[in-house]
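Here is the file query_32.cif (mmCIF, C-alpha atoms).
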data_my_file
loop_
_atom_site.label_atom_id
_atom_site.label_comp_id
_atom_site.auth_asym_id
_atom_site.auth_seq_id
_atom_site.Cartn_x
_atom_site.Cartn_y
_atom_site.Cartn_z
CA MET A 1128 94.65 155.73 195.27
CA THR A 1129 98.08 156.61 196.67
CA PHE A 1130 100.37 158.16 194.06
CA HIS A 1131 103.66 156.41 193.32
CA PRO A 1132 105.97 157.27 190.38
CA HIS A 1133 107.05 153.61 189.86
CA MET A 1134 110.61 154.54 188.94
CA THR A 1135 112.79 151.82 187.42
CA SER A 1136 116.51 152.54 187.61
CA ARG A 1137 119.93 150.96 187.16
CA VAL A 1138 122.82 152.86 188.73
CA GLU A 1139 126.53 152.00 188.99
CA GLY A 1140 129.18 153.85 191.00
CA VAL A 1141 126.87 156.01 193.16
CA THR A 1142 127.17 156.17 196.97
CA LEU A 1143 124.59 157.86 199.18
CA LEU A 1144 126.35 160.39 201.45
CA ASP A 1145 123.34 161.40 203.51
CA ASN A 1146 119.93 159.98 204.34
CA LEU A 1147 117.41 160.37 201.55
CA ARG A 1148 115.07 163.26 202.40
CA TYR A 1149 111.61 162.29 201.16
CA LYS A 1150 108.30 164.15 201.39
CA ARG A 1151 104.84 163.53 199.98
CA TRP A 1152 102.73 166.51 198.92
CA ASN A 1153 99.19 166.77 197.52
CA SER A 1154 100.35 166.75 193.88
CA ALA A 1155 103.95 165.54 194.05
CA ILE A 1156 106.59 163.47 195.77
CA THR A 1157 110.01 165.04 196.39
CA ASP A 1158 113.32 163.22 196.91
CA LEU A 1159 116.43 165.10 198.02
CA TRP A 1160 119.66 163.23 197.29
CA HIS A 1161 123.28 163.89 198.30
CA VAL A 1162 125.52 161.39 196.52
CA SER A 1163 129.10 160.65 195.56
CA CYS A 1164 129.73 159.57 191.98
CA ALA A 1165 132.78 157.52 191.07
CA ARG A 1166 134.67 157.97 187.82
CA HIS A 1167 132.53 156.91 184.85
CA THR A 1168 129.41 156.49 186.97
CA SER A 1169 126.42 155.60 184.81
CA GLY A 1170 122.70 155.21 185.31
CA SER A 1171 119.48 154.61 183.41
CA TYR A 1172 116.02 155.61 184.58
CA VAL A 1173 112.39 155.47 183.48
CA SER A 1174 109.31 156.49 185.45
CA HIS A 1175 105.55 156.26 185.00
CA ALA A 1176 105.26 159.87 186.21
CA PRO A 1177 106.79 163.07 184.81
CA ARG A 1178 109.46 164.68 186.95
CA LEU A 1179 111.61 167.76 187.33
CA VAL A 1180 115.20 167.20 188.44
CA ALA A 1181 117.22 170.13 189.81
CA ILE A 1182 120.98 169.89 190.37
CA LEU A 1183 121.38 172.05 193.47
CA ALA A 1184 125.13 171.62 194.03
CA LYS A 1185 128.10 169.89 192.39
CA SER A 1186 131.70 169.58 193.50
CA GLY A 1187 134.64 167.71 192.03
CA ALA A 1188 136.26 167.49 188.62
CA GLY A 1189 133.69 165.21 186.99
CA GLU A 1190 131.27 166.54 184.40
CA PHE A 1191 127.69 165.33 184.87
CA GLN A 1192 125.82 164.58 181.65
CA VAL A 1193 122.21 163.56 181.12
CA SER A 1194 120.70 162.19 177.93
CA HIS A 1195 117.55 160.59 176.60
CA SER A 1196 119.64 158.43 174.25
CA ALA A 1197 122.27 155.78 174.88
CA ASP A 1198 124.99 158.17 173.71
CA HIS A 1199 126.26 160.33 176.57
CA ASP A 1200 128.45 162.32 174.18
CA GLN A 1201 125.28 163.75 172.61
CA SER A 1202 123.61 164.55 175.89
CA GLN A 1203 123.00 168.27 176.05
CA ASP A 1204 119.84 169.22 174.15
CA SER A 1205 120.21 172.90 174.95
CA ASN A 1206 122.35 174.78 177.47
CA PRO A 1207 125.37 172.63 178.47
CA ASN A 1208 125.52 174.51 181.78
CA GLY A 1209 121.83 174.01 182.57
CA ASN A 1210 120.97 172.54 185.94
CA LEU A 1211 117.31 171.57 185.37
CA PHE A 1212 115.89 168.52 183.61
CA TYR A 1213 112.21 167.98 182.85
CA VAL A 1214 111.45 164.35 181.93
CA PRO A 1215 107.99 163.36 180.61
CA ALA A 1216 106.35 160.16 181.82
CA GLY A 1217 107.74 157.00 180.26
CA MET A 1218 110.80 158.64 178.68
CA PRO A 1219 114.04 156.68 179.28
CA LEU A 1220 116.90 158.76 180.62
CA SER A 1221 120.59 157.97 181.08
CA SER A 1222 123.36 159.73 183.00
CA HIS A 1223 127.15 159.62 183.01
CA THR A 1224 130.01 161.27 184.89
CA SER A 1225 133.43 161.75 183.31
CA ASP A 1226 135.22 161.76 186.68
CA ALA A 1227 134.50 161.61 190.41
CA CYS A 1228 132.17 164.26 191.83
CA GLU A 1229 129.53 164.92 194.49
CA LEU A 1230 125.97 165.95 193.64
CA THR A 1231 123.00 167.26 195.53
CA HIS A 1232 119.83 167.01 193.50
CA LEU A 1233 116.09 167.32 194.05
CA ASP A 1234 113.68 165.07 192.16
CA ILE A 1235 110.06 166.25 191.99
CA HIS A 1236 107.70 163.49 190.79
CA LEU A 1237 104.40 164.95 189.57
CA ASP A 1238 100.98 163.40 190.18
CA VAL A 1239 99.28 164.53 186.97
CA ARG A 1240 95.87 163.19 187.99
CA ARG A 1241 95.81 165.33 191.13
CA ILE A 1242 97.21 168.33 189.26
CA VAL A 1243 94.45 168.12 186.64
CA GLU A 1244 91.77 167.67 189.32
CA HIS A 1245 92.81 170.59 191.49
CA CYS A 1246 94.41 173.18 189.19
CA ALA A 1247 92.38 176.30 188.54
CA TYR A 1248 93.75 176.41 184.98
CA ASP A 1249 94.29 173.95 182.13
CA ILE A 1250 97.84 172.60 182.19
CA ASP A 1251 99.91 172.97 179.05
CA ARG A 1252 99.75 169.48 177.52
CA GLN A 1253 102.59 170.25 175.12
CA ALA A 1254 104.80 171.30 178.04
CA LEU A 1255 103.77 168.12 179.90
CA GLU A 1256 104.90 165.89 177.02
CA THR A 1257 108.00 167.78 175.81
CA PRO A 1258 111.38 166.88 177.37
CA ARG A 1259 113.65 169.73 178.45
CA ILE A 1260 117.13 168.41 179.09
CA CYS A 1261 119.79 170.61 180.68
CA PHE A 1262 117.99 173.97 180.77
CA THR A 1263 118.01 177.01 183.05
CA ASP A 1264 115.08 178.85 184.64
CA PRO A 1265 115.80 181.16 187.60
CA ARG A 1266 112.20 180.91 188.89
CA LEU A 1267 112.19 177.11 188.93
CA MET A 1268 115.65 176.96 190.46
CA THR A 1269 114.67 179.33 193.28
CA LEU A 1270 111.56 177.26 193.99
CA ALA A 1271 113.59 174.02 193.88
CA ARG A 1272 116.01 175.34 196.52
CA LEU A 1273 113.13 176.40 198.77
CA ILE A 1274 111.43 173.00 198.34
CA ALA A 1275 114.75 171.30 199.18
CA ASP A 1276 114.90 173.31 202.40
CA GLU A 1277 111.43 172.00 203.27
CA CYS A 1278 112.63 168.45 202.60
CA ARG A 1279 115.46 168.99 205.09
CA ASN A 1280 113.06 170.42 207.67
CA PRO A 1281 111.69 167.62 209.93
CA ASP A 1282 108.93 169.92 211.22
CA ASN A 1283 105.70 169.31 209.26
CA THR A 1284 103.61 171.89 211.13
CA ASN A 1285 103.95 174.41 208.29
CA ALA A 1286 103.02 172.06 205.46
CA LEU A 1287 100.92 174.78 203.80
CA TYR A 1288 104.10 176.70 202.96
CA GLY A 1289 105.63 173.65 201.26
CA GLU A 1290 102.39 172.98 199.36
CA SER A 1291 102.40 176.57 198.12
CA LEU A 1292 105.94 176.10 196.78
CA ILE A 1293 104.89 172.92 194.94
CA THR A 1294 101.86 174.74 193.50
CA ALA A 1295 104.04 177.64 192.32
CA MET A 1296 106.53 175.22 190.76
CA ILE A 1297 103.77 173.38 188.85
CA ALA A 1298 102.34 176.68 187.62
CA ALA A 1299 105.77 177.84 186.39
CA LEU A 1300 106.48 174.49 184.74
CA LEU A 1301 103.11 173.44 183.30
CA GLY A 1302 100.86 176.48 183.53
CA PRO A 1303 99.62 178.43 180.49
CA GLN A 1304 102.61 179.61 178.50
CA PRO A 1305 102.96 182.73 176.33
CA GLU A 1306 101.98 182.09 172.74
CA THR A 1307 105.05 181.04 170.80
CA THR A 1308 105.60 179.75 167.29
CA PRO A 1309 108.51 177.69 165.99
CA SER A 1310 111.19 179.53 164.05
CA ARG A 1311 110.32 179.92 160.41
CA GLY A 1312 110.90 176.69 158.54
CA GLN A 1313 111.37 174.53 161.65
CA LEU A 1314 109.26 171.72 163.08
CA ALA A 1315 107.05 172.44 166.07
CA PRO A 1316 108.42 170.84 169.28
CA TYR A 1317 105.82 168.06 169.29
CA GLN A 1318 106.52 167.28 165.61
CA LEU A 1319 110.26 167.12 166.27
CA ARG A 1320 109.81 164.85 169.29
CA LYS A 1321 107.50 162.48 167.37
CA SER A 1322 109.95 162.34 164.47
CA VAL A 1323 113.04 161.75 166.60
CA ASP A 1324 111.30 159.10 168.74
CA TYR A 1325 110.04 157.31 165.62
CA ILE A 1326 113.49 157.30 164.01
CA THR A 1327 115.10 156.05 167.24
CA GLN A 1328 112.60 153.22 167.64
CA ASN A 1329 112.87 152.13 163.98
CA CYS A 1330 116.47 153.03 163.16
CA ALA A 1331 117.55 149.45 162.36
CA ARG A 1332 115.26 149.26 159.33
CA THR A 1333 114.78 151.46 156.28
CA ILE A 1334 112.58 154.43 157.15
CA ARG A 1335 110.82 156.05 154.21
CA LEU A 1336 110.54 159.81 154.07
CA ASP A 1337 106.80 159.58 153.47
CA GLU A 1338 106.42 157.77 156.84
CA LEU A 1339 107.93 160.72 158.69
CA ALA A 1340 106.01 163.28 156.64
CA GLN A 1341 102.71 161.50 157.33
CA LEU A 1342 103.59 161.27 161.03
CA THR A 1343 103.86 165.07 161.25
CA GLY A 1344 101.11 165.96 158.75
CA LEU A 1345 103.54 167.69 156.37
CA SER A 1346 104.60 167.21 152.78
CA GLN A 1347 107.80 165.23 152.24
CA THR A 1348 109.65 168.25 150.85
CA TYR A 1349 108.63 170.56 153.71
CA PHE A 1350 109.30 167.92 156.37
CA CYS A 1351 112.82 167.24 155.09
CA SER A 1352 113.64 170.97 155.04
CA ALA A 1353 112.06 171.63 158.45
CA PHE A 1354 113.77 168.63 160.07
CA ARG A 1355 117.15 169.85 158.85
CA ALA A 1356 116.42 173.39 160.07
CA SER A 1357 115.48 171.98 163.50
CA THR A 1358 118.34 169.49 163.98
CA GLY A 1359 121.13 170.63 161.67
CA MET A 1360 121.06 167.41 159.67
CA PRO A 1361 118.72 165.62 157.22
CA PRO A 1362 116.59 162.69 158.45
CA HIS A 1363 118.81 159.96 156.99
CA LYS A 1364 121.88 161.30 158.82
CA TRP A 1365 119.89 161.46 162.07
CA GLN A 1366 118.97 157.81 161.51
CA MET A 1367 122.66 156.91 161.07
CA LYS A 1368 123.39 158.72 164.33
CA ALA A 1369 120.59 156.74 166.03
CA ARG A 1370 122.10 153.50 164.71
CA ILE A 1371 125.50 154.48 166.08
CA ASP A 1372 123.85 155.19 169.46
CA THR A 1373 122.49 151.62 169.37
CA VAL A 1374 125.90 150.26 168.46
CA LYS A 1375 127.59 152.12 171.31
CA ALA A 1376 125.11 150.69 173.81
CA GLN A 1377 125.79 147.15 172.56
CA LEU A 1378 129.56 147.62 172.51
CA ALA A 1379 129.53 148.99 176.06
CA ASN A 1380 127.18 146.40 177.56
CA SER A 1381 127.82 143.14 175.69
CA ASP A 1382 130.54 140.97 174.15
CA MET A 1383 128.59 140.57 170.91
CA PRO A 1384 130.93 140.22 167.89
CA LEU A 1385 131.21 143.34 165.74
CA ALA A 1386 129.66 141.57 162.75
CA SER A 1387 126.57 140.71 164.81
CA VAL A 1388 126.41 144.22 166.26
CA ALA A 1389 126.45 145.62 162.72
CA ILE A 1390 123.56 143.46 161.51
CA HIS A 1391 121.51 144.04 164.66
CA ALA A 1392 121.82 147.83 164.24
CA GLY A 1393 120.78 147.75 160.60
CA PHE A 1394 124.15 147.97 158.80
CA ALA A 1395 124.88 145.81 155.77
CA ASP A 1396 127.99 144.28 157.33
CA GLN A 1397 130.91 145.02 159.66
CA ALA A 1398 132.75 147.05 157.03
CA HIS A 1399 129.71 149.28 156.54
CA LEU A 1400 129.45 149.80 160.31
CA THR A 1401 133.15 150.60 160.63
CA ARG A 1402 133.00 153.18 157.86
CA VAL A 1403 129.97 155.02 159.28
CA PHE A 1404 131.21 154.72 162.89
CA ARG A 1405 134.55 156.30 161.95
CA GLN A 1406 132.78 159.14 160.12
CA ILE A 1407 130.56 160.00 163.09
CA VAL A 1408 132.69 159.09 166.11
CA GLY A 1409 136.19 159.53 164.71
CA THR A 1410 137.46 156.04 165.56
CA THR A 1411 136.59 152.41 164.84
CA PRO A 1412 134.04 150.37 166.81
CA GLY A 1413 136.75 148.00 168.04
CA ALA A 1414 138.97 150.83 169.28
CA TRP A 1415 135.99 152.54 170.95
CA ARG A 1416 135.08 149.30 172.77
CA ARG A 1417 138.66 148.78 173.98
CA GLU A 1418 138.87 152.36 175.23
CA ARG A 1419 135.64 151.93 177.21
CA ALA A 1420 136.90 148.69 178.72
CA ALA A 1421 140.22 150.23 179.83
#
I'd like the structure from this file rewritten - as structure tokens, please.
Amino acid sequence: MTFHPHMTSRVEGVTLLDNLRYKRWNSAITDLWHVSCARHTSGSYVSHAPRLVAILAKSGAGEFQVSHSADHDQSQDSNPNGNLFYVPAGMPLSSHTSDACELTHLDIHLDVRRIVEHCAYDIDRQALETPRICFTDPRLMTLARLIADECRNPDNTNALYGESLITAMIAALLGPQPETTPSRGQLAPYQLRKSVDYITQNCARTIRLDELAQLTGLSQTYFCSAFRASTGMPPHKWQMKARIDTVKAQLANSDMPLASVAIHAGFADQAHLTRVFRQIVGTTPGAWRRERAA
């Protein structure tokens, strides 16, 4: 069966500046893009296959932000200057530029079935399923630049060299990792991801603390303390943030009245939404919508 990542995307304000450079390898597909992004360019993406995205070059005043929520202002999960993004299969991703810029980026779509069949080692399943948004890794970046050079090279007579680069990249990204433990009192990465995803998917309703504790196999007291140590806020505040993310998406993409937006996102009424929105964002929902429309 021929591998295909089945990427679904919606992009606005992006112009292709050069022909897409595409190559198929034994365990991956690589796409090399050179694009121009207009002011306030936005995009949303989801793929059936995991992928590594490397920003190889950027010029222009615009800041490029990537997020796995609808809120671009909360995009950087780690290093704000990171130029690598690992996206697990099925995880929605969104992007935004604050101003015009040009980007060259390499997308490496991974064929997990072929990787599992042919790797001489067991891949790290936790690494496979854990998103890494906006991070740095000199090894991966060096390999990405070499793979990009192979994408630009029309000569396929030395395919073994390109395959070796892909194999090295997979080993660095998904190979056995040094034993690590979460910081004392924090959730393990898989527990944090499960908790955050669950809150995001159910943020419009009341989420009981015992639901989250059971989800992670912890006591309610320990979960609440560990979640706060991991995120900097207690679970109920994270849920309010998730609701505000939902509200922002609706305000930006629909003309739904504020009262309806409030109810849909799980707030008691428009006044409740306005109060929480002002606390988190620093302005009212109506003013935020008008600013986005300007």
(request) Enter the distance from CA of Phe1262 in chain A to CA of Thr1224 in chain A, in Å, rounded to one decimal. (result) 18.0 Å
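Using all atoms listed in the file, the smallest distance between any of A:Cys1261, A:Arg1252, A:Tyr1349, A:His1161 and Gly1302 in chain A comes from A:Arg1252.
Atom to atom, CA of Gln1366 in chain A and CA of Cys1330 in chain A stand 5.6 Å apart.
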Apply the PyMOL selection byres ((chain A and resi 1275-1287) around 7) to the structure shown and report the selected residues as a short mmCIF file (atom, residue, chain, number, x, y, z; two decimals) with C-alpha atoms, in the frame of the given file.
data_model
loop_
_atom_site.label_atom_id
_atom_site.label_comp_id
_atom_site.auth_asym_id
_atom_site.auth_seq_id
_atom_site.Cartn_x
_atom_site.Cartn_y
_atom_site.Cartn_z
CA ARG A 1148 115.07 163.26 202.40
CA TYR A 1149 111.61 162.29 201.16
CA LYS A 1150 108.30 164.15 201.39
CA LEU A 1159 116.43 165.10 198.02
CA LEU A 1233 116.09 167.32 194.05
CA ALA A 1271 113.59 174.02 193.88
CA ARG A 1272 116.01 175.34 196.52
CA LEU A 1273 113.13 176.40 198.77
CA ILE A 1274 111.43 173.00 198.34
CA TYR A 1288 104.10 176.70 202.96
CA GLY A 1289 105.63 173.65 201.26
CA GLU A 1290 102.39 172.98 199.36
CA SER A 1291 102.40 176.57 198.12
#
(request) Between A:Glu1256, A:Asp1264, A:Glu1139, A:Asp1324, single out the one closest to Arg1178 in chain A, counting only C-alpha atoms. (result)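 When distances to Arg1178 in chain A are compared using only C-alpha atoms, the smallest one comes from A:Glu1256.
The coordinates place CA of Glu1229 in chain A at 25.6 Å from CA of Ala1155 in chain A.
The point (104.4, 169.9, 175.0) has these residues within 12 Å of it when only C-alpha atoms are used: Tyr1213, Val1214, Pro1215, Ile1250, Asp1251, Arg1252, Gln1253, Ala1254, Leu1255, Glu1256, Thr1257, Pro1258, Arg1259, Leu1300, Leu1301, Gly1302, Pro1303, Gln1304, Thr1307, Ala1315, Pro1316, Tyr1317, Gln1318, Leu1319, Arg1320 and Lys1321 of chain A.
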(request) Would you list the residues near (125.0, 141.7, 164.0), meaning any protein, DNA or RNA residue with an atom at most 12 Å from that point in file coordinates, counting all atoms listed in the file, as a ChimeraX atom specification? (result) /A:1331,1373-1374,1377-1378,1382-1400
Find the smallest box with edges along x, y and z containing every listed atom of range 1324-1333 of chain A, then add 4 Å on each side and report centre and edge lengths in Å to one decimal, as lines of an AutoDock Vina configuration file.
center_x = 113.8
center_y = 154.2
center_z = 162.5
size_x = 15.5
size_y = 17.8
size_z = 20.5
(request) Take the PyMOL selection byres ((chain A and resi 1154) around 8), apply it to the structure above, and return the hits as a list of chain:residue names. (result) A:Trp1152, A:Asn1153, A:Ala1155, A:Ile1156, A:Leu1237, A:Asp1238, A:Val1239, A:Arg1241, A:Ile1242, A:Ile1293
(request) May I have the residues within 8 Å of Leu1143 in chain A as a PyMOL selection string, using all atoms listed in the file and disregarding those fewer than 2 positions away in the same chain? (result) chain A and resi 1141+1145-1147+1160-1163
